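Q: Hey, dropping query-v2.cif in here, mmCIF, C-alpha atoms:
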data_upload
loop_
_atom_site.label_atom_id
_atom_site.label_comp_id
_atom_site.auth_asym_id
_atom_site.auth_seq_id
_atom_site.Cartn_x
_atom_site.Cartn_y
_atom_site.Cartn_z
CA MET A 605 -21.32 -8.86 22.16
CA SER A 606 -18.51 -8.31 19.67
CA LYS A 607 -16.10 -5.43 20.05
CA VAL A 608 -14.54 -3.38 17.25
CA SER A 609 -11.70 -0.91 17.57
CA LEU A 610 -11.98 2.02 15.15
CA ILE A 611 -8.83 3.73 13.92
CA ILE A 612 -9.21 6.92 11.90
CA GLY A 613 -5.98 7.56 10.01
CA SER A 614 -6.55 11.30 9.70
CA LEU A 615 -5.76 13.58 12.62
CA ARG A 616 -7.62 16.55 11.10
CA GLN A 617 -10.58 17.91 13.04
CA ALA A 618 -12.59 18.33 9.82
CA SER A 619 -11.52 14.99 8.35
CA ILE A 620 -13.76 13.59 5.63
CA ASN A 621 -12.61 10.15 6.73
CA ARG A 622 -14.02 10.85 10.19
CA LYS A 623 -17.38 11.68 8.58
CA PHE A 624 -17.40 8.37 6.70
CA ALA A 625 -16.31 6.50 9.83
CA GLU A 626 -19.10 8.10 11.84
CA TYR A 627 -21.63 7.09 9.20
CA ILE A 628 -20.35 3.51 9.10
CA VAL A 629 -20.43 3.24 12.90
CA SER A 630 -24.01 4.60 12.94
CA GLN A 631 -25.06 1.67 10.72
CA ILE A 632 -23.35 -1.10 12.71
CA PRO A 633 -25.83 -3.23 14.69
CA GLU A 634 -26.13 -2.62 18.43
CA ASN A 635 -24.72 -6.06 19.26
CA ILE A 636 -21.31 -4.79 18.10
CA GLU A 637 -19.61 -2.28 20.37
CA VAL A 638 -17.33 0.19 18.58
CA GLU A 639 -14.62 2.08 20.43
CA GLU A 640 -12.37 4.62 18.74
CA VAL A 641 -8.65 4.27 19.32
CA ASN A 642 -7.25 7.76 19.78
CA ILE A 643 -3.96 7.96 17.88
CA ALA A 644 -3.41 11.73 18.02
CA ASP A 645 -1.46 11.58 21.30
CA LEU A 646 0.92 8.79 20.29
CA PRO A 647 4.61 9.54 19.96
CA LEU A 648 5.82 8.23 16.60
CA TYR A 649 7.02 4.67 16.98
CA ASN A 650 10.70 4.39 17.86
CA GLN A 651 12.36 1.06 18.64
CA ASP A 652 14.17 2.76 21.55
CA TYR A 653 10.76 2.87 23.28
CA ASP A 654 10.33 -0.93 23.24
CA GLY A 655 11.58 -1.39 26.80
CA ARG A 656 9.81 1.66 28.22
CA ASP A 657 6.37 1.98 29.76
CA ILE A 658 4.65 4.60 27.59
CA ALA A 659 1.07 5.06 28.79
CA SER A 660 -0.41 5.93 25.38
CA TYR A 661 1.28 2.90 23.77
CA THR A 662 -0.07 0.63 26.53
CA ARG A 663 -3.58 2.08 26.17
CA VAL A 664 -3.62 1.51 22.41
CA ARG A 665 -2.22 -2.01 22.65
CA GLU A 666 -4.80 -2.94 25.29
CA GLN A 667 -7.66 -1.50 23.23
CA LEU A 668 -6.55 -3.41 20.15
CA LYS A 669 -5.99 -6.66 22.07
CA ALA A 670 -9.50 -6.46 23.56
CA ALA A 671 -11.15 -6.01 20.16
CA ASP A 672 -12.56 -8.84 18.06
CA ALA A 673 -11.88 -6.76 14.94
CA VAL A 674 -10.37 -3.46 13.84
CA LEU A 675 -11.89 -1.04 11.34
CA ILE A 676 -9.42 1.40 9.79
CA VAL A 677 -10.81 4.42 7.94
CA THR A 678 -8.01 6.45 6.42
CA PRO A 679 -6.95 8.97 3.81
CA GLU A 680 -3.92 8.70 1.60
CA HIS A 681 -0.88 10.92 2.13
CA ASN A 682 1.59 11.07 -0.74
CA ARG A 683 0.43 7.73 -2.21
CA THR A 684 0.68 5.81 1.07
CA MET A 685 -0.88 5.63 4.51
CA PRO A 686 -0.55 8.60 6.88
CA ALA A 687 2.41 8.55 9.27
CA ALA A 688 0.14 8.42 12.34
CA LEU A 689 -1.55 5.27 11.02
CA LYS A 690 1.75 3.59 10.17
CA SER A 691 2.99 4.44 13.64
CA VAL A 692 0.00 2.81 15.40
CA ILE A 693 0.42 -0.29 13.23
CA ASP A 694 4.07 -0.45 14.32
CA ILE A 695 3.19 0.19 17.97
CA GLY A 696 0.68 -2.66 17.89
CA SER A 697 3.27 -5.00 16.39
CA ARG A 698 5.62 -4.59 19.37
CA PRO A 699 7.12 -5.84 21.56
CA HIS A 700 8.51 -8.50 19.26
CA GLY A 701 6.57 -11.74 19.69
CA ASP A 702 3.53 -10.03 21.23
CA SER A 703 1.86 -8.34 18.26
CA VAL A 704 -1.80 -7.38 18.70
CA TRP A 705 -2.28 -7.90 14.96
CA THR A 706 -1.69 -11.67 14.82
CA ASP A 707 -5.00 -13.27 13.74
CA LYS A 708 -6.84 -9.95 14.34
CA LYS A 709 -9.70 -9.31 11.91
CA VAL A 710 -9.05 -6.04 10.07
CA ALA A 711 -11.07 -4.10 7.50
CA VAL A 712 -9.90 -0.99 5.65
CA VAL A 713 -11.89 1.89 4.14
CA THR A 714 -10.14 4.74 2.36
CA ALA A 715 -11.50 8.05 1.15
CA SER A 716 -9.80 10.79 -0.80
CA PRO A 717 -10.86 13.88 -2.72
CA GLY A 718 -8.65 12.58 -5.53
CA THR A 719 -9.38 10.22 -8.39
CA TYR A 720 -7.98 7.03 -6.87
CA GLY A 721 -9.87 7.11 -3.57
CA GLY A 722 -6.87 6.36 -1.40
CA ARG A 723 -6.27 3.01 -3.09
CA ALA A 724 -2.48 3.14 -2.58
CA SER A 725 -2.98 3.83 1.12
CA GLY A 726 -5.43 0.94 1.44
CA LEU A 727 -3.10 -1.44 -0.36
CA ASP A 728 -0.17 -0.41 1.85
CA VAL A 729 -2.26 -0.98 4.99
CA ARG A 730 -3.23 -4.43 3.66
CA LYS A 731 0.41 -5.20 2.87
CA SER A 732 1.51 -4.33 6.41
CA MET A 733 -1.36 -6.23 7.99
CA GLN A 734 -0.75 -9.34 5.91
CA MET A 735 2.90 -9.33 6.96
CA LEU A 736 1.72 -9.09 10.59
CA SER A 737 -0.61 -12.11 10.11
CA ALA A 738 -3.87 -10.20 10.48
CA GLN A 739 -7.04 -11.62 8.91
CA MET A 740 -7.96 -9.07 6.27
CA MET A 741 -11.53 -8.54 5.10
CA ILE A 742 -11.22 -9.19 1.38
CA SER A 743 -14.48 -7.90 -0.05
CA PRO A 744 -15.82 -5.39 -0.59
CA GLU A 745 -12.81 -3.16 -0.87
CA VAL A 746 -13.81 0.44 -0.23
CA TYR A 747 -11.85 3.23 -1.93
CA LEU A 748 -14.02 6.34 -2.04
CA SER A 749 -12.72 8.58 -4.84
CA HIS A 750 -13.86 12.19 -5.19
CA ALA A 751 -14.99 11.70 -1.60
CA THR A 752 -16.00 15.31 -1.05
CA ASP A 753 -18.73 14.70 -3.66
CA SER A 754 -20.09 11.98 -1.36
CA LEU A 755 -20.90 14.55 1.31
CA ASP A 756 -23.70 17.09 1.12
CA ASP A 757 -23.42 20.76 2.11
CA ASN A 758 -23.94 19.79 5.77
CA GLY A 759 -21.16 17.20 5.71
CA GLN A 760 -23.58 14.26 5.70
CA VAL A 761 -23.04 11.19 3.53
CA VAL A 762 -25.20 11.35 0.38
CA GLU A 763 -27.74 8.61 -0.34
CA LYS A 764 -25.85 6.87 -3.15
CA THR A 765 -22.74 6.56 -0.96
CA GLN A 766 -24.88 5.46 1.99
CA GLU A 767 -26.14 2.55 -0.10
CA PHE A 768 -22.58 1.54 -0.97
CA LEU A 769 -21.35 1.88 2.62
CA ASN A 770 -24.36 -0.05 3.93
CA LYS A 771 -23.29 -3.01 1.77
CA PHE A 772 -19.84 -2.74 3.35
CA VAL A 773 -21.39 -2.62 6.85
CA ASN A 774 -23.38 -5.79 6.14
CA GLU A 775 -20.25 -7.65 5.03
CA PHE A 776 -18.20 -6.20 7.90
CA THR A 777 -20.82 -7.30 10.42
CA THR A 778 -20.65 -10.85 9.04
CA PHE A 779 -16.85 -10.71 9.07
CA VAL A 780 -16.74 -9.58 12.72
CA GLY A 781 -19.16 -12.34 13.73
CA GLU A 782 -17.29 -15.19 12.01
#
Can you give me the file's structure in the form of structure tokens?

A:
Amino acid sequence: MSKVSLIIGSLRQASINRKFAEYIVSQIPENIEVEEVNIADLPLYNQDYDGRDIASYTRVREQLKAADAVLIVTPEHNRTMPAALKSVIDIGSRPHGDSVWTDKKVAVVTASPGTYGGRASGLDVRKSMQMLSAQMMISPEVYLSHATDSLDDNGQVVEKTQEFLNKFVNEFTTFVGE
């Protein structure tokens, strides 16, 4: 059984990215276990913490190390990734020489109510991950623009977007299994 760590870059309770992540996870085959990495309780990364035993940092690093792949579903904040997401990327890259990201399979999905669908955020995540020697899923890239239009009045993913996300899930499943 393969294991995937899920990171949701939004800390909002009513996050649209959480809704898309939940839909994606619901479509992943049962032979892939998905575990969410809680990032809401993490102190922002600070190099002064490198020599300290911080329980939430250790928990996150262990979850990411144990995963065969990581799925990041995130919004865009001010044309880049949210601070909480950048912080967990930095936490996973430390201590120096023991990064959890080296050779880790990583896929990124972004969603935004705006026109560009979080593309700048997704590209910045990819840039950081490539520098950290992660194996990035190349295609399909998922940048959901006008993302609130992809949810119905009950907050469920609409059929057209389901079809698109199902194609992503199929490719992601193959990527995880490689």

Q: Pull out every residue that the PyMOL selection byres ((chain A and resi 753) around 12) matches in the shown coordinates and put them as a list in words.

A: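 Selected by the PyMOL selection byres ((chain A and resi 753) around 12) in this file: Ile620, Ala715, Ser716, Pro717, Gly718, Thr719, Gly721, Leu748, Ser749, His750, Ala751, Thr752, Ser754, Leu755, Asp756, Asp757, Asn758, Gly759, Gln760, Val761, Val762, Glu763, Lys764 and Thr765 of chain A.
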
Q: What is the atom CA of Ala711 of chain A to atom CA of Gly781 of chain A distance in Å?

A: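 The value is 13.1 Å.
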
Q: Taking all atoms listed in the file into account, name the residue in A:Val712, A:Leu648, A:Met735, A:Val729 that is nearest to Met685 of chain A.

A: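 Checking each of A:Val712, A:Leu648, A:Met735, A:Val729 against Met685 of chain A, counting all atoms listed in the file, the winner is A:Val729.
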
Q: Hey, which of A:Asp672, A:Glu680, A:Glu782, A:Glu639 ends up closest to Ala724 of chain A? Count all atoms listed in the file.

A: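 Answer, going by the shortest atom-to-atom distance: A:Glu680.
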
Q: Record the distance separating atom CA of Lys607 of chain A and atom CA of Leu769 of chain A, expressed in Å with one decimal.

A: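 Atom-to-atom, atom CA of Lys607 of chain A and atom CA of Leu769 of chain A are spaced 19.6 Å apart.
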